[in-house]
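**Q** Got a file for you: upload_35.csv, CSV, C-alpha atoms.
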```
chain,number,residue,atom,x,y,z
N,1,PRO,CA,-6.1,-1.5,21.3
N,2,PRO,CA,-6.7,2.1,20.3
N,3,ALA,CA,-10.3,3.2,20.2
N,4,PRO,CA,-11.8,4.0,16.8
N,5,THR,CA,-12.8,7.6,16.1
N,6,GLU,CA,-16.1,8.8,14.7
N,7,SER,CA,-14.3,9.2,11.4
N,8,ILE,CA,-15.2,5.5,10.7
N,9,THR,CA,-18.9,6.4,10.4
N,10,ARG,CA,-18.1,9.1,7.8
N,11,PHE,CA,-16.6,6.4,5.6
N,12,ARG,CA,-19.0,3.6,6.4
N,13,GLY,CA,-19.8,3.2,2.7
N,14,PHE,CA,-16.4,1.3,2.3
N,15,ASN,CA,-16.3,-2.4,2.8
N,16,TRP,CA,-13.5,-2.5,5.4
N,17,GLU,CA,-13.9,-6.3,5.9
N,18,ALA,CA,-13.2,-6.9,2.2
N,19,MET,CA,-10.4,-4.3,2.2
N,20,ALA,CA,-8.7,-6.2,5.1
N,21,ALA,CA,-9.1,-9.5,3.2
N,22,GLY,CA,-9.0,-11.6,6.3
N,23,ALA,CA,-5.8,-10.0,7.6
N,24,GLY,CA,-7.5,-9.2,10.9
N,25,TRP,CA,-7.1,-5.5,11.1
N,26,ALA,CA,-9.7,-2.8,11.7
N,27,PRO,CA,-9.5,1.0,11.0
N,28,VAL,CA,-9.0,3.3,14.0
N,29,HIS,CA,-9.1,6.6,12.1
N,30,VAL,CA,-10.0,7.3,8.5
N,31,GLY,CA,-9.7,10.4,6.3
N,32,TRP,CA,-8.2,12.3,3.4
N,33,LEU,CA,-4.6,13.3,3.5
N,34,SER,CA,-2.2,14.5,0.9
N,35,LYS,CA,1.0,12.4,0.6
N,36,GLN,CA,4.3,13.8,-0.8
N,37,GLY,CA,5.5,11.5,-3.6
N,38,ALA,CA,8.9,9.7,-3.3
N,39,ALA,CA,10.1,10.6,-6.8
N,40,ARG,CA,10.8,14.0,-8.3
N,41,GLY,CA,9.0,15.1,-11.5
N,42,LEU,CA,10.6,16.5,-14.6
N,43,LEU,CA,11.0,19.9,-13.1
N,44,GLY,CA,12.6,18.5,-9.9
N,45,SER,CA,9.7,19.1,-7.6
N,46,LEU,CA,8.0,16.5,-5.5
N,47,SER,CA,4.4,15.7,-6.4
N,48,TRP,CA,1.5,15.5,-3.9
N,49,GLN,CA,-1.3,12.9,-4.1
N,50,GLU,CA,-4.5,13.0,-2.2
N,51,ARG,CA,-5.3,9.6,-0.8
N,52,LEU,CA,-7.8,8.0,1.5
N,53,PHE,CA,-5.8,7.0,4.6
N,54,ALA,CA,-6.8,4.4,7.1
N,55,LEU,CA,-4.9,4.2,10.4
N,56,CYS,CA,-5.3,0.6,11.5
N,57,ASP,CA,-5.1,-1.2,14.8
N,58,ASP,CA,-2.3,-3.5,13.4
N,59,GLY,CA,0.1,-0.5,13.4
N,60,ARG,CA,-0.1,0.3,9.7
N,61,LEU,CA,-1.2,3.5,8.0
N,62,ARG,CA,-2.7,2.3,4.7
N,63,TYR,CA,-3.5,4.5,1.8
N,64,TYR,CA,-5.9,4.0,-1.1
N,65,ARG,CA,-6.7,5.5,-4.4
N,66,VAL,CA,-10.5,6.0,-4.7
N,67,LEU,CA,-11.5,6.1,-8.4
N,68,SER,CA,-15.2,7.0,-7.9
N,69,PRO,CA,-17.7,7.8,-5.1
N,70,SER,CA,-19.3,4.4,-5.6
N,71,ASP,CA,-16.0,2.5,-5.1
N,72,ARG,CA,-16.7,0.4,-2.0
N,73,VAL,CA,-13.3,-1.5,-2.1
N,74,PRO,CA,-10.7,1.0,-3.3
N,75,GLU,CA,-7.2,-0.1,-4.5
N,76,GLU,CA,-4.6,-0.1,-1.7
N,77,ARG,CA,-1.6,1.9,-3.0
N,78,GLY,CA,0.6,1.3,0.0
N,79,ALA,CA,1.0,1.0,3.7
N,80,ILE,CA,3.4,2.6,6.2
N,81,ASP,CA,4.5,0.3,9.0
N,82,LEU,CA,4.7,2.4,12.2
N,83,ARG,CA,7.2,0.0,13.7
N,84,ASP,CA,9.7,1.5,11.3
N,85,ILE,CA,9.0,5.1,12.4
N,86,ALA,CA,11.2,6.8,15.0
N,87,SER,CA,9.4,10.1,15.3
N,88,ILE,CA,6.3,11.9,14.3
N,89,GLU,CA,6.7,15.6,13.7
N,90,VAL,CA,3.8,18.0,13.4
N,91,ARG,CA,4.0,21.5,12.1
N,92,GLY,CA,0.6,23.0,11.4
N,93,ARG,CA,-1.2,20.8,8.9
N,94,ARG,CA,2.0,18.9,8.0
N,95,ILE,CA,2.8,15.6,9.6
N,96,THR,CA,6.3,14.0,9.0
N,97,LEU,CA,7.0,10.4,9.8
N,98,LYS,CA,10.7,9.9,10.2
N,99,PRO,CA,12.3,6.4,9.9
N,100,SER,CA,14.1,4.8,12.8
N,101,SER,CA,17.8,4.4,12.6
N,102,SER,CA,17.4,0.6,12.4
N,103,ALA,CA,15.1,1.0,9.4
N,104,THR,CA,17.5,3.5,7.8
N,105,GLN,CA,20.4,1.0,8.2
N,106,GLN,CA,18.5,-1.9,6.7
N,107,GLN,CA,20.1,-3.0,3.4
N,108,GLN,CA,17.6,-5.6,2.4
N,109,GLN,CA,14.1,-6.2,3.6
N,110,PRO,CA,11.9,-9.2,3.4
N,111,PRO,CA,9.5,-8.8,0.4
N,112,GLU,CA,6.5,-8.4,2.6
N,113,ARG,CA,8.1,-5.5,4.5
N,114,ALA,CA,9.1,-3.8,1.3
N,115,ARG,CA,5.5,-4.0,0.0
N,116,ALA,CA,4.1,-2.9,3.4
N,117,GLY,CA,6.1,0.4,3.3
N,118,GLY,CA,8.9,-0.7,5.6
N,119,GLY,CA,12.3,0.8,5.3
N,120,SER,CA,14.1,4.1,5.4
N,121,ARG,CA,11.6,6.4,3.6
N,122,GLN,CA,10.5,9.6,5.3
N,123,TYR,CA,6.8,10.3,4.7
N,124,VAL,CA,5.4,13.8,4.6
N,125,LEU,CA,1.6,14.1,4.9
N,126,GLU,CA,-0.7,17.0,5.0
N,127,ALA,CA,-4.1,17.1,6.6
N,128,GLN,CA,-6.7,19.6,5.2
N,129,ARG,CA,-8.7,19.1,8.3
N,130,ASP,CA,-8.3,17.2,11.6
N,131,ALA,CA,-4.5,17.5,11.7
N,132,ALA,CA,-4.4,17.5,15.5
N,133,LEU,CA,-6.6,14.4,15.6
N,134,TRP,CA,-4.5,12.7,13.0
N,135,ALA,CA,-1.3,13.5,15.1
N,136,SER,CA,-3.0,12.3,18.3
N,137,LYS,CA,-4.2,9.0,16.8
N,138,LEU,CA,-0.9,8.3,15.0
N,139,THR,CA,0.9,8.8,18.3
N,140,GLU,CA,-1.5,6.5,20.1
N,141,VAL,CA,-1.3,3.7,17.5
N,142,HIS,CA,2.5,4.2,17.2
N,143,ALA,CA,3.0,3.8,21.0
N,144,TYR,CA,0.6,0.8,21.1
N,145,THR,CA,2.4,-0.9,18.2
N,146,LEU,CA,5.8,-0.4,19.8
N,147,ALA,CA,4.5,-1.7,23.1
N,148,LEU,CA,3.2,-4.9,21.5
N,149,ALA,CA,6.5,-5.4,19.7
N,150,GLY,CA,8.3,-4.9,23.0
N,151,ALA,CA,10.3,-2.0,21.7
N,152,ALA,CA,9.0,0.5,24.2
N,153,THR,CA,6.7,0.9,27.1
N,154,PRO,CA,3.4,2.5,26.0
N,155,PRO,CA,3.6,6.2,26.7
N,156,ALA,CA,0.8,8.2,28.3
N,157,ALA,CA,-1.3,10.4,26.1
N,158,ALA,CA,0.9,13.0,24.3
N,159,SER,CA,0.3,16.6,25.2
N,160,ALA,CA,2.4,19.8,25.2
N,161,SER,CA,1.9,20.1,29.0
N,162,SER,CA,3.5,16.7,29.7
N,163,PRO,CA,6.1,16.1,27.0
N,164,SER,CA,8.2,13.6,28.9
N,165,ALA,CA,5.2,11.3,29.6
N,166,ALA,CA,4.8,10.6,25.9
N,167,GLY,CA,8.3,10.9,24.7
N,168,ALA,CA,7.3,14.2,23.0
N,169,ALA,CA,9.1,17.5,22.9
N,170,VAL,CA,7.7,20.8,21.9
N,171,ALA,CA,10.2,23.3,20.3
N,172,VAL,CA,9.8,26.6,18.7
N,173,ALA,CA,11.1,26.7,15.2
N,174,GLY,CA,12.3,29.8,13.3
N,175,GLY,CA,9.4,32.2,12.7
N,176,GLY,CA,7.7,31.3,16.0
N,177,ALA,CA,5.7,28.3,14.7
N,178,ALA,CA,5.3,25.6,17.3
N,179,GLU,CA,6.6,22.2,16.2
N,180,THR,CA,5.7,19.0,18.1
N,181,VAL,CA,8.0,16.1,17.9
N,182,ILE,CA,6.6,12.8,19.1
N,183,GLY,CA,8.8,9.8,19.2
N,184,SER,CA,9.6,6.7,21.0
N,185,ALA,CA,12.4,7.2,23.5
N,186,GLY,CA,12.9,3.5,23.7
N,187,PRO,CA,12.6,1.3,26.8
N,188,PRO,CA,13.4,2.9,30.1
N,189,PRO,CA,16.9,2.4,31.4
N,190,PRO,CA,17.4,-0.6,33.7
```
Let me see the structure of the file written as C-alpha cells.
**A**
Amino acid sequence: PPAPTESITRFRGFNWEAMAAGAGWAPVHVGWLSKQGAARGLLGSLSWQERLFALCDDGRLRYYRVLSPSDRVPEERGAIDLRDIASIEVRGRRITLKPSSSATQQQQQPPERARAGGGSRQYVLEAQRDAALWASKLTEVHAYTLALAGAATPPAAASASSPSAAGAAVAVAGGGAAETVIGSAGPPPP
C-alpha cells in the first residue's frame, strides 16, 4: 500500500479510527484543498469550498467540513472513488480529476457508489500548498487502486522525465504553462 506522508502528524488531533468507523481504511495524505462546487449559484458562477481532504489507502479521496478547531471527528461531506477517475491533470495549484469513459456512460449506480462519489463528475481541486505532493500521492494511490482492481498494472513513479513509465504526459498549454496529465493507460497489450 502507499506510504503515509508526514501530513498525518499535522492532523493527529483528528480521530481517524472513529472517522473510518470500522471500514478498514487509513489516511495516506491529509490537508486543506478547495473544491469547486457542482452546482452554479444565482449569478451562474461555480462556488469553491475549502475542505479537509484525506487521501485514503482504500482508493478514496474523502472530504470533510470542519466546524471548529476542537472538532475531532468532522462530518464527512463526500468521497471521490479513484477507480472512476481516468486522468489526473495538474496545472499549477489546480488539480482536475477527470472521470473514466465507463463512469461517464453509467446510467445508474448502486446507491453506495452514488454516495461514495462515483460516477461521471469531474472534480476540480486547488491546493494552496503542497500541490506537487498532492498530485504525486493522488497518482500513487490511483495506480495502486487500479492495480488492486485489476484494471491496470501499477505504473512506476510519475515524473516529467519518464512520462511513459507512469502513463503520464507533459504538454505545454497556451501561455507556456506546463500541464501534467497523469492517467491510466489501461493494461498492456497482449
**Q** Can you pull out the residues contacting segment 68-76 of chain N? Cut-off 7 Å, using only C-alpha atoms, and skip same-chain residues under 2 positions away; I want them as an NGL selection string.
**A** :N and (13-15 or 18-19 or 63-66 or 78)
**Q** What's the separation between atom CA of Ser7 of chain N and atom CA of Tyr144 of chain N, in Å to one decimal place?
**A**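 According to the coordinates, atom CA of Ser7 of chain N and atom CA of Tyr144 of chain N are separated by 19.7 Å.
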**Q** Could you check how far atom CA of Arg10 of chain N sits from atom CA of Ser47 of chain N, in Å to one decimal?
**A**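 Value for the atom CA of Arg10 of chain N-atom CA of Ser47 of chain N distance: 27.4 Å.
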**Q** Under the rule that all atoms listed in the file are counted, which of N:Ala86, N:Val141, N:Ala149, N:Ala20 is the nearest residue to Pro2 of chain N?
**A** N:Val141
**Q** Between segment 35-76 of chain N and segment 91-98 of chain N, at 12 Å or less, what are the per-residue closest atom pairs and their distances in Å? Count all atoms listed in the file, order by chain and rising residue number, and return it as a tab-separated table.
**A**
```
residue	atom	partner	partner_atom	distance
N:Lys35	CA	N:Ile95	CA	9.7
N:Gln36	CA	N:Thr96	CA	10.0
N:Leu61	CA	N:Leu97	CA	10.9
```
**Q** Identify which of the residues N:Ala3, N:Val30, N:Ala23, N:Leu138 lies closest to Ile85 of chain N, counting only C-alpha atoms when measuring atom-to-atom distances.
**A**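 Checking each of N:Ala3, N:Val30, N:Ala23, N:Leu138 against Ile85 of chain N, counting only C-alpha atoms, the winner is N:Leu138.
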**Q** Do a neighbour search on Gly59 of chain N at 12 Å with all atoms listed in the file, toss out local chain neighbours closer than 3 positions, and write the hits as a PyMOL selection string.
**A** chain N and resi 1-2+24-29+54-56+62+79-85+116-118+137-149
**Q** Report, in Å to a single decimal, how far apart atom CA of Leu33 of chain N and atom CA of Arg121 of chain N are.
**A**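 About the pair atom CA of Arg121 of chain N and atom CA of Leu33 of chain N: they are 17.6 Å apart.
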**Q** Have a look at N:Leu67, N:Leu43, N:Ile88, N:Ala21 and name the one nearest to Leu125 of chain N; count all atoms listed in the file.
**A**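 Among the listed residues, N:Ile88 lies closest to Leu125 of chain N.
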**Q** With distances taken over all atoms listed in the file, which residue among N:Trp16, N:Phe11, N:Phe53, N:Trp48 lies nearest Trp134 of chain N?
**A**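 Of the candidates, the smallest distance to Trp134 of chain N is held by N:Phe53.
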